[in-house]
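Source file: final.txt. Holds: compact mmCIF, C-alpha atoms.
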# COMPACT_ATOMS: atom_id res chain seq x y z
CA MET A 1 138.57 -55.49 -95.30
CA GLY A 2 140.55 -52.33 -96.09
CA LYS A 3 140.36 -52.99 -99.83
CA ARG A 4 136.60 -53.44 -99.62
CA ILE A 5 136.17 -50.14 -97.78
CA ARG A 6 138.37 -48.36 -100.33
CA SER A 7 136.30 -49.90 -103.13
CA ILE A 8 133.05 -48.70 -101.56
CA LEU A 9 134.46 -45.20 -101.06
CA HIS A 10 135.70 -45.16 -104.68
CA ARG A 11 132.23 -46.13 -105.98
CA LEU A 12 130.62 -43.51 -103.76
CA SER A 13 133.03 -40.87 -105.08
CA LYS A 14 132.23 -41.80 -108.70
CA TRP A 15 128.51 -41.68 -107.95
CA LEU A 16 128.83 -38.23 -106.40
CA GLU A 17 130.71 -37.02 -109.47
CA SER A 18 127.84 -38.13 -111.75
CA LEU A 19 125.07 -36.32 -109.85
CA THR A 20 122.76 -34.20 -112.02
CA TRP A 21 121.37 -30.81 -111.05
CA SER A 22 117.98 -32.37 -110.36
CA GLN A 23 119.59 -34.82 -107.93
CA LEU A 24 121.49 -31.97 -106.27
CA ILE A 25 118.25 -30.03 -105.80
CA THR A 26 116.70 -33.17 -104.30
CA GLY A 27 119.65 -33.57 -101.95
CA PHE A 28 119.38 -29.93 -100.89
CA THR A 29 115.67 -30.42 -100.17
CA ILE A 30 116.39 -33.56 -98.14
CA ALA A 31 118.95 -31.62 -96.10
CA ILE A 32 116.32 -28.97 -95.28
CA VAL A 33 113.77 -31.65 -94.39
CA LEU A 34 116.28 -33.37 -92.09
CA SER A 35 116.99 -30.10 -90.32
CA ILE A 36 113.27 -29.41 -89.81
CA VAL A 37 112.64 -32.95 -88.54
CA GLY A 38 115.66 -32.52 -86.27
CA GLN A 39 114.08 -29.39 -84.85
CA ILE A 40 110.83 -31.27 -84.28
CA CYS A 41 112.80 -33.93 -82.37
CA LEU A 42 114.41 -31.24 -80.23
CA ILE A 43 110.97 -29.78 -79.51
CA SER A 44 109.81 -33.26 -78.48
CA ASN A 45 112.78 -33.66 -76.09
CA LEU A 46 114.42 -36.24 -78.36
CA LYS A 47 117.67 -34.29 -78.17
CA VAL A 48 120.10 -37.00 -79.25
CA LEU A 49 118.07 -37.86 -82.35
CA GLY A 50 117.56 -34.17 -83.15
CA ILE A 51 121.30 -33.42 -82.95
CA CYS A 52 122.10 -36.43 -85.14
CA LEU A 53 119.59 -35.31 -87.78
CA TYR A 54 121.00 -31.78 -87.72
CA ALA A 55 124.53 -33.18 -88.17
CA LEU A 56 123.39 -35.39 -91.05
CA ALA A 57 121.64 -32.41 -92.67
CA GLY A 58 124.81 -30.33 -92.35
CA ILE A 59 126.97 -33.03 -93.95
CA LEU A 60 124.51 -33.48 -96.82
CA PHE A 61 124.30 -29.71 -97.32
CA LEU A 62 128.09 -29.42 -97.55
CA ILE A 63 128.29 -32.28 -100.07
CA VAL A 64 125.54 -30.80 -102.24
CA THR A 65 126.96 -27.26 -102.24
CA ASN A 66 130.47 -28.56 -102.97
CA LYS A 67 129.30 -30.62 -105.94
CA ALA A 68 127.10 -27.75 -107.19
CA HIS A 69 130.20 -25.54 -107.50
CA GLN A 70 131.91 -28.23 -109.57
CA ARG A 71 129.01 -28.83 -111.95
CA ALA A 72 128.62 -27.02 -115.24
CA GLU A 73 125.50 -24.97 -115.91
CA PRO A 74 122.47 -27.25 -116.43
CA GLU A 75 120.97 -27.75 -119.87
CA GLU A 76 117.80 -25.91 -120.82
CA GLN A 77 115.61 -29.00 -120.53
CA GLU A 78 116.87 -29.66 -117.01
CA LYS A 79 116.36 -26.00 -116.10
CA VAL A 80 112.71 -26.26 -117.12
CA ARG A 81 112.26 -29.41 -115.05
CA ILE A 82 113.84 -27.77 -112.01
CA ARG A 83 111.76 -24.62 -112.36
CA ARG A 84 108.58 -26.70 -112.48
CA SER A 85 109.48 -28.67 -109.35
CA ILE A 86 110.62 -25.74 -107.17
CA PRO A 87 107.07 -24.39 -106.40
CA ALA A 88 105.92 -27.85 -105.31
CA LEU A 89 109.00 -28.30 -103.12
CA LEU A 90 108.45 -24.91 -101.51
CA ILE A 91 104.80 -25.78 -100.81
CA GLY A 92 105.82 -29.08 -99.21
CA LEU A 93 108.52 -27.42 -97.10
CA SER A 94 105.99 -24.79 -96.00
CA GLY A 95 103.70 -27.58 -94.84
CA LEU A 96 106.55 -29.20 -92.91
CA VAL A 97 107.52 -25.89 -91.24
CA LEU A 98 103.88 -25.31 -90.30
CA LEU A 99 103.69 -28.82 -88.84
CA ALA A 100 106.80 -28.10 -86.76
CA PHE A 101 105.14 -24.92 -85.48
CA VAL A 102 101.96 -26.85 -84.62
CA LEU A 103 103.93 -29.47 -82.69
CA SER A 104 105.74 -26.75 -80.76
CA ARG A 105 102.40 -25.20 -79.75
CA LEU A 106 100.85 -28.40 -78.42
CA ASP A 107 102.40 -27.73 -75.03
CA SER A 108 100.63 -24.36 -74.83
CA TYR A 109 97.12 -25.76 -75.15
CA ALA A 110 95.04 -24.02 -72.48
CA GLY A 111 91.82 -25.57 -71.16
CA ASN A 112 88.91 -24.99 -73.49
CA SER A 113 90.36 -21.88 -75.15
CA ARG A 114 89.05 -21.38 -78.67
CA GLN A 115 92.62 -20.58 -79.75
CA ASN A 116 93.17 -24.32 -79.64
CA TYR A 117 91.18 -24.56 -82.86
CA LEU A 118 94.02 -22.68 -84.57
CA ILE A 119 96.36 -25.56 -83.71
CA VAL A 120 94.01 -28.09 -85.30
CA GLY A 121 93.53 -25.77 -88.27
CA GLY A 122 97.29 -25.39 -88.67
CA TRP A 123 97.74 -29.16 -88.67
CA LEU A 124 95.04 -29.61 -91.33
CA LEU A 125 96.58 -26.81 -93.41
CA SER A 126 100.04 -28.40 -93.21
CA LEU A 127 98.48 -31.68 -94.36
CA PHE A 128 96.77 -29.90 -97.25
CA LEU A 129 100.05 -28.25 -98.31
CA PHE A 130 101.80 -31.62 -98.27
CA ILE A 131 99.06 -33.15 -100.44
CA ILE A 132 99.28 -30.28 -102.95
CA SER A 133 103.06 -30.68 -103.09
CA VAL A 134 102.91 -34.42 -103.82
CA LEU A 135 100.12 -34.05 -106.39
CA THR A 136 102.09 -31.32 -108.18
CA LEU A 137 105.35 -33.28 -108.23
CA SER A 138 103.54 -36.38 -109.52
CA HIS A 139 101.90 -34.33 -112.33
CA TRP A 140 98.44 -35.29 -111.15
CA ARG A 141 95.55 -33.65 -112.99
CA LEU A 142 91.86 -33.41 -112.19
CA VAL A 143 89.65 -35.58 -114.35
CA SER A 144 87.56 -33.45 -116.69
CA LEU A 145 83.78 -33.58 -116.42
CA ARG A 146 83.58 -34.98 -119.94
CA SER A 147 85.95 -37.84 -119.12
CA LEU A 148 84.15 -38.49 -115.86
CA GLY A 149 80.77 -38.61 -117.58
CA LYS A 150 82.12 -40.93 -120.26
CA SER A 151 83.54 -43.26 -117.61
CA LEU A 152 80.26 -43.32 -115.67
CA ARG A 153 78.29 -44.13 -118.83
CA SER A 154 80.66 -46.94 -119.79
CA HIS A 155 80.25 -48.48 -116.31
CA ALA A 156 76.59 -47.59 -115.87
CA ARG A 157 75.52 -50.99 -114.49
CA GLU A 158 78.22 -51.04 -111.87
CA VAL A 159 77.51 -47.44 -110.87
CA ILE A 160 73.82 -48.26 -110.42
CA PHE A 161 74.73 -51.31 -108.33
CA VAL A 162 77.14 -49.32 -106.12
CA VAL A 163 74.56 -46.60 -105.48
CA PHE A 164 71.86 -49.22 -104.81
CA LEU A 165 74.19 -51.12 -102.47
CA PHE A 166 74.94 -48.02 -100.40
CA LEU A 167 71.31 -46.91 -100.21
CA VAL A 168 70.10 -50.37 -99.12
CA ALA A 169 72.88 -50.64 -96.53
CA LEU A 170 72.05 -47.19 -95.19
CA GLY A 171 68.30 -47.87 -95.23
CA LEU A 172 68.67 -51.04 -93.17
CA ARG A 173 70.72 -49.09 -90.65
CA ILE A 174 68.53 -46.01 -90.24
CA TYR A 175 65.11 -47.68 -90.28
CA GLN A 176 63.46 -46.69 -86.94
CA LEU A 177 66.95 -46.01 -85.65
CA ASP A 178 65.74 -44.14 -82.58
CA LYS A 179 63.49 -47.07 -81.53
CA TYR A 180 65.58 -50.20 -82.18
CA PRO A 181 67.47 -51.07 -80.08
CA TYR A 182 65.15 -49.48 -77.56
CA PRO A 183 67.44 -48.87 -74.55
CA MET A 184 70.13 -46.25 -75.02
CA LEU A 185 73.50 -47.52 -73.83
CA LYS A 186 75.58 -45.65 -71.30
CA ASP A 187 78.41 -45.43 -73.86
CA GLU A 188 76.09 -43.78 -76.37
CA ALA A 189 75.08 -41.18 -73.80
CA PHE A 190 78.68 -40.36 -72.92
CA ILE A 191 79.68 -40.06 -76.58
CA GLY A 192 76.71 -37.76 -77.19
CA ILE A 193 77.71 -35.61 -74.21
CA GLU A 194 81.29 -35.47 -75.48
CA ALA A 195 80.10 -34.43 -78.94
CA MET A 196 77.95 -31.69 -77.41
CA LYS A 197 80.93 -30.36 -75.45
CA ILE A 198 83.01 -30.20 -78.62
CA LEU A 199 80.14 -28.59 -80.53
CA HIS A 200 79.62 -25.85 -77.92
CA GLY A 201 83.28 -25.16 -77.14
CA GLY A 202 83.50 -27.08 -73.87
CA GLU A 203 86.30 -29.23 -75.33
CA THR A 204 88.71 -27.60 -77.78
CA ASN A 205 91.93 -29.55 -77.20
CA LEU A 206 90.98 -32.20 -79.74
CA PHE A 207 94.27 -34.11 -79.51
CA LEU A 208 93.46 -35.22 -75.97
CA LEU A 209 91.84 -38.52 -75.03
CA GLY A 210 88.11 -38.57 -74.36
CA TRP A 211 85.54 -41.14 -73.30
CA ALA A 212 86.96 -44.65 -72.68
CA GLY A 213 90.43 -43.54 -73.78
CA ASP A 214 89.41 -42.79 -77.38
CA PRO A 215 90.73 -39.54 -78.88
CA LEU A 216 88.28 -36.63 -78.83
CA LEU A 217 88.50 -36.50 -82.63
CA SER A 218 86.80 -39.91 -82.71
CA SER A 219 83.55 -38.12 -81.79
CA THR A 220 83.73 -35.88 -84.89
CA PRO A 221 81.02 -37.86 -86.77
CA GLN A 222 78.61 -37.38 -83.86
CA VAL A 223 79.52 -33.68 -83.71
CA ILE A 224 78.41 -33.33 -87.34
CA THR A 225 75.16 -35.27 -87.00
CA ILE A 226 74.16 -33.59 -83.71
CA GLY A 227 75.04 -30.20 -85.18
CA LEU A 228 72.75 -30.86 -88.14
CA LEU A 229 69.87 -32.72 -86.47
CA GLY A 230 69.99 -31.68 -82.83
CA ASN A 231 70.67 -33.51 -79.58
CA THR A 232 68.64 -36.68 -80.18
CA VAL A 233 69.17 -40.42 -80.05
CA PHE A 234 68.72 -40.58 -83.81
CA ALA A 235 71.49 -38.01 -84.38
CA VAL A 236 73.94 -39.85 -82.11
CA ARG A 237 73.30 -43.17 -83.87
CA LEU A 238 73.16 -41.78 -87.40
CA ALA A 239 76.95 -41.37 -87.55
CA SER A 240 77.42 -45.11 -86.94
CA ALA A 241 74.79 -45.92 -89.57
CA PHE A 242 76.69 -43.94 -92.20
CA VAL A 243 79.99 -45.51 -91.18
CA GLY A 244 78.48 -48.99 -91.41
CA ALA A 245 77.00 -48.30 -94.86
CA LEU A 246 80.32 -46.91 -96.12
CA SER A 247 82.18 -49.99 -94.86
CA VAL A 248 79.86 -52.16 -97.01
CA LEU A 249 80.69 -49.98 -100.01
CA PHE A 250 84.46 -50.08 -99.49
CA LEU A 251 84.38 -53.84 -98.94
CA TYR A 252 82.92 -54.15 -102.43
CA PHE A 253 85.83 -52.12 -103.83
CA LEU A 254 88.34 -54.24 -101.90
CA GLY A 255 86.85 -57.56 -102.99
CA ARG A 256 86.58 -56.36 -106.60
CA ALA A 257 90.21 -55.21 -106.66
CA MET A 258 91.63 -58.40 -105.13
CA PHE A 259 89.44 -61.20 -106.48
CA GLY A 260 87.13 -59.77 -109.14
CA ARG A 261 83.67 -58.25 -109.37
CA LEU A 262 81.78 -61.37 -108.25
CA ALA A 263 83.81 -61.58 -105.03
CA GLY A 264 83.14 -57.90 -104.40
CA VAL A 265 79.40 -58.36 -104.85
CA LEU A 266 79.17 -61.45 -102.64
CA SER A 267 81.33 -60.05 -99.84
CA SER A 268 79.50 -56.70 -99.74
CA LEU A 269 76.09 -58.40 -99.77
CA SER A 270 77.22 -60.65 -96.91
CA LEU A 271 78.30 -57.67 -94.82
CA LEU A 272 75.19 -55.76 -95.82
CA ALA A 273 72.93 -57.90 -93.61
CA MET A 274 75.43 -59.52 -91.25
CA PRO A 275 73.67 -59.37 -87.84
CA PRO A 276 76.65 -58.22 -85.70
CA HIS A 277 77.65 -55.54 -88.21
CA LEU A 278 74.06 -54.40 -88.63
CA HIS A 279 73.59 -54.29 -84.84
CA PHE A 280 76.67 -52.16 -84.10
CA SER A 281 75.88 -49.92 -87.07
CA ARG A 282 72.70 -48.96 -85.20
CA LEU A 283 74.45 -48.01 -81.94
CA GLY A 284 75.95 -44.60 -81.21
CA VAL A 285 79.34 -46.04 -80.31
CA ASN A 286 82.56 -45.82 -82.31
CA ASN A 287 83.70 -49.44 -82.60
CA ILE A 288 81.90 -49.96 -85.94
CA ILE A 289 84.48 -47.69 -87.58
CA VAL A 290 87.02 -50.55 -87.45
CA SER A 291 85.20 -52.23 -90.35
CA LEU A 292 85.38 -49.02 -92.36
CA TRP A 293 89.10 -48.51 -91.78
CA MET A 294 89.89 -52.13 -92.61
CA ALA A 295 88.06 -52.11 -95.93
CA LEU A 296 89.25 -48.63 -96.93
CA ILE A 297 92.92 -48.96 -95.96
CA PHE A 298 93.33 -52.49 -97.32
CA TRP A 299 91.73 -51.40 -100.60
CA LEU A 300 93.88 -48.28 -100.98
CA THR A 301 97.10 -50.08 -100.00
CA TYR A 302 96.43 -53.00 -102.34
CA ARG A 303 95.56 -50.55 -105.11
CA ALA A 304 98.83 -48.69 -104.55
CA ILE A 305 100.86 -51.91 -104.67
CA GLN A 306 99.15 -53.08 -107.87
CA LYS A 307 99.18 -49.80 -109.80
CA GLY A 308 102.44 -48.33 -108.52
CA ARG A 309 101.28 -44.71 -108.81
CA THR A 310 102.49 -42.01 -106.44
CA VAL A 311 98.96 -40.67 -105.94
CA ASP A 312 97.70 -44.06 -104.75
CA TYR A 313 100.51 -44.31 -102.18
CA LEU A 314 99.61 -40.81 -101.00
CA TRP A 315 95.96 -41.70 -100.36
CA ALA A 316 96.93 -45.01 -98.73
CA GLY A 317 99.39 -43.28 -96.39
CA LEU A 318 96.86 -40.64 -95.38
CA ALA A 319 94.16 -43.24 -94.72
CA ALA A 320 96.56 -45.40 -92.68
CA GLY A 321 97.20 -42.51 -90.28
CA PHE A 322 93.67 -41.47 -89.40
CA PRO A 323 92.72 -44.59 -87.36
CA LEU A 324 94.93 -43.18 -84.58
CA TYR A 325 92.28 -40.49 -84.11
CA SER A 326 89.36 -42.90 -83.88
CA TYR A 327 88.35 -45.97 -81.85
CA LEU A 328 91.40 -47.47 -80.11
CA GLY A 329 90.83 -50.91 -81.60
CA SER A 330 91.26 -49.56 -85.13
CA ARG A 331 94.91 -48.69 -84.59
CA LEU A 332 95.85 -52.26 -85.47
CA VAL A 333 94.64 -51.57 -89.02
CA SER A 334 97.44 -49.04 -89.55
CA ILE A 335 100.00 -51.64 -88.48
CA MET A 336 98.46 -54.21 -90.82
CA ALA A 337 98.81 -51.77 -93.73
CA LEU A 338 102.53 -51.52 -92.95
CA PHE A 339 102.72 -55.32 -92.87
CA MET A 340 101.12 -55.44 -96.33
CA LEU A 341 103.92 -53.26 -97.69
CA PHE A 342 106.59 -55.18 -95.78
CA TYR A 343 105.27 -58.50 -97.09
CA THR A 344 105.30 -57.11 -100.64
CA ILE A 345 108.91 -55.96 -100.23
CA LEU A 346 109.91 -59.48 -99.14
CA THR A 347 107.96 -61.40 -101.79
CA LYS A 348 107.91 -59.16 -104.86
CA ARG A 349 111.27 -59.05 -106.56
CA GLY A 350 112.49 -55.57 -107.46
CA TYR A 351 109.59 -53.89 -105.67
CA LEU A 352 111.70 -51.92 -103.20
CA ARG A 353 114.11 -50.76 -105.90
CA SER A 354 111.32 -49.56 -108.20
CA GLN A 355 108.92 -48.18 -105.60
CA TRP A 356 111.14 -46.70 -102.87
CA ARG A 357 110.12 -43.13 -103.79
CA ASN A 358 106.44 -44.04 -103.49
CA LEU A 359 107.14 -45.77 -100.17
CA VAL A 360 108.72 -42.53 -98.97
CA VAL A 361 105.51 -40.72 -99.99
CA PHE A 362 103.44 -43.29 -98.08
CA GLY A 363 105.58 -42.94 -94.97
CA SER A 364 105.64 -39.14 -95.17
CA ALA A 365 101.86 -38.97 -95.50
CA LEU A 366 101.47 -41.32 -92.54
CA LEU A 367 103.83 -39.24 -90.39
CA PHE A 368 102.12 -35.97 -91.33
CA VAL A 369 98.82 -37.38 -90.12
CA VAL A 370 100.00 -39.02 -86.90
CA ALA A 371 102.59 -36.42 -85.80
CA PRO A 372 100.29 -34.43 -83.45
CA THR A 373 98.89 -37.46 -81.64
CA LEU A 374 102.36 -38.97 -81.27
CA ARG A 375 103.61 -35.66 -79.90
CA ALA A 376 100.69 -35.34 -77.51
CA CYS A 377 100.26 -38.93 -76.34
CA LEU A 378 103.72 -40.48 -76.66
CA ARG A 379 105.92 -37.73 -75.29
CA ILE A 380 109.25 -39.25 -74.23
CA GLN A 381 111.99 -37.45 -72.38
CA PHE A 382 115.55 -38.74 -72.59
CA VAL A 383 117.36 -38.03 -69.33
CA TRP A 384 120.96 -38.63 -68.33
CA HIS A 385 121.12 -40.94 -65.34
CA SER A 386 124.15 -42.77 -63.98
CA GLY A 387 126.05 -42.28 -67.21
CA LEU A 388 123.35 -43.90 -69.35
CA PHE A 389 120.37 -42.67 -71.35
CA SER A 390 116.99 -43.72 -70.03
CA CYS A 391 113.44 -43.03 -71.14
CA LYS A 392 110.79 -41.36 -69.03
CA LYS A 393 107.19 -41.05 -70.21
CA THR A 394 105.20 -38.10 -69.03
CA SER A 395 102.08 -38.88 -67.03
CA ARG A 396 98.62 -38.58 -68.53
CA THR A 397 97.97 -35.44 -66.51
CA ASP A 398 101.01 -33.81 -68.13
CA LEU A 399 99.64 -34.28 -71.63
CA PRO A 400 98.75 -31.04 -73.46
Kindly transcribe the structure held in the file into structure tokens.
Amino acid sequence: MGKRIRSILHRLSKWLESLTWSQLITGFTIAIVLSIVGQICLISNLKVLGICLYALAGILFLIVTNKAHQRAEPEEQEKVRIRRSIPALLIGLSGLVLLAFVLSRLDSYAGNSRQNYLIVGGWLLSLFLFIISVLTLSHWRLVSLRSLGKSLRSHAREVIFVVFLFLVALGLRIYQLDKYPYPMLKDEAFIGIEAMKILHGGETNLFLLGWAGDPLLSSTPQVITIGLLGNTVFAVRLASAFVGALSVLFLYFLGRAMFGRLAGVLSSLSLLAMPPHLHFSRLGVNNIIVSLWMALIFWLTYRAIQKGRTVDYLWAGLAAGFPLYSYLGSRLVSIMALFMLFYTILTKRGYLRSQWRNLVVFGSALLFVVAPTLRACLRIQFVWHSGLFSCKKTSRTDLP
């Protein structure tokens, strides 16, 4: 046993001696990230975890600085690579610091104060900074208009079909939407009232739970449609009609990616006129969004696994987090996306070794999205009692 430990320590020492300057910069960045996450844990009353992360960050920082003193000056090519990555790392760290600030301010939410919008804006800005950082580090570039036009022309038939599919799906869902079904459900009325409160500043703490335990942010589609069209039955139901039509579209993309174009066409056409889906797409309730999240997240996750690009893992991670801000039943979709990745790790040889960086991007994107709702709705206090740690959840009335 002692020989094995000495062997492991010897290999670790040799590996540390061979670290490049790029790896040292990465280690330094990880140490900063660990310290910021540790501070977030301390803010969230997870003191033991926060102290452990701070200790780990300190150890990593000491190792990196010690090895940096022993390394010779980097070559010019490596200097250029480091200089190009530093702005992106700084942008990402800025987003993480801003997220930590947002999480620390969740406890100071006050009633319907309009200052609460700054907290939501700060969270969205931190998310935007993280996206910019990942896109920069992955050398992502916008597609030129010429390339886009050439691609659309080369796939003209499919483009026409996709547009036609969406318009037909939307048309079936908005035809006499304010008349059929005739009676307006109680749930529709409450969601419309909630959207009106958000629209007129009556509800500004958008990370709280609203009608039927759904997050207030789940009423955002109705806020947009009512803001544009007024307080009408048609406006309340229009959001669901758009969501239903988009789910048909994304199901085509999912079926096409997994089984081919024919499967995509048949599956989307089946959902297009499926009576239960068509019915709930014409009601001003939020449960229809489950179909959208399932098609979108499964498609993006499968696409990421197949293509292995950092950008695809970024979009998949972001999409997997947003169901936590919508209808409660859609939260299972986020878990199923994680199971897709876990199943791939178990069944695809070499996947974890080749894609661990992209999996870190997926997980980071997911955590950036869900951090506020986890902080607001799953606050846990660790208290010392009878010599043991125990967990105590705050009551719903204590939530910010």
Quiz item: What does the distance between atom CA of Pro372 of chain A and atom CA of Ile119 of chain A come to in Å, to one decimal place?
Solution: 9.7 Å
Quiz item: Between A:Leu90, A:Leu142, A:Leu137, A:Leu249, which one has atoms that come closest to Phe161 of chain A, using only C-alpha atoms?
Solution: A:Leu249
Quiz item: Which is closest to Tyr313 of chain A among A:Lys348, A:Arg157, A:Arg357, A:Arg173, if we use all atoms listed in the file?
Solution: A:Arg357
Around segment 169-180 of chain A, fit a box with edges along x, y and z, padding it by 8 Å on each side, then list its centre and edge lengths in Å to one decimal as JSON.
{"center_x": 68.2, "center_y": -47.6, "center_z": -89.0, "size_x": 25.4, "size_y": 22.9, "size_z": 31.0}
Quiz item: Restricting the calculation to all atoms listed in the file, which member of A:Val285, A:Val233, A:Met258, A:Ile51 is positioned closest to Thr220 of chain A?
Solution: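 Nearest to Thr220 of chain A: A:Val285.
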Quiz item: Of the candidates A:Gly284, A:Gly210, A:Gly244, A:Pro275, which one gets nearest to Gly192 of chain A if we count all atoms listed in the file?
Solution: A:Gly284
Quiz item: Taking only C-alpha atoms into account, which of A:Tyr54, A:Trp315, A:Tyr302, A:Tyr182 comes nearest Val37 of chain A?
Solution: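 Closest residue, counting only C-alpha atoms: A:Tyr54.
If you look at atom CA of Trp356 of chain A and atom CA of Gln39 of chain A, they are 25.2 Å away from each other.
Comparing the minimum interatomic distances between Val243 of chain A and each of A:Arg261, A:Arg282, A:Arg84, A:Arg256, counting all atoms listed in the file, we find that A:Arg282 sits nearest.
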Quiz item: At a cut-off of 10 Å from (97.8, -51.6, -99.4) in the coordinates of the file, what residues are picked up using only C-alpha atoms, written as a ChimeraX atom specification?
Solution: /A:296-306,312-313,316-317,320,336-341,344
Quiz item: Quick one: distance from atom CA of Val159 of chain A to atom CA of Leu262 of chain A in Å, one decimal?
Solution: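 Taking atom CA of Val159 of chain A and atom CA of Leu262 of chain A, their separation equals 14.8 Å.
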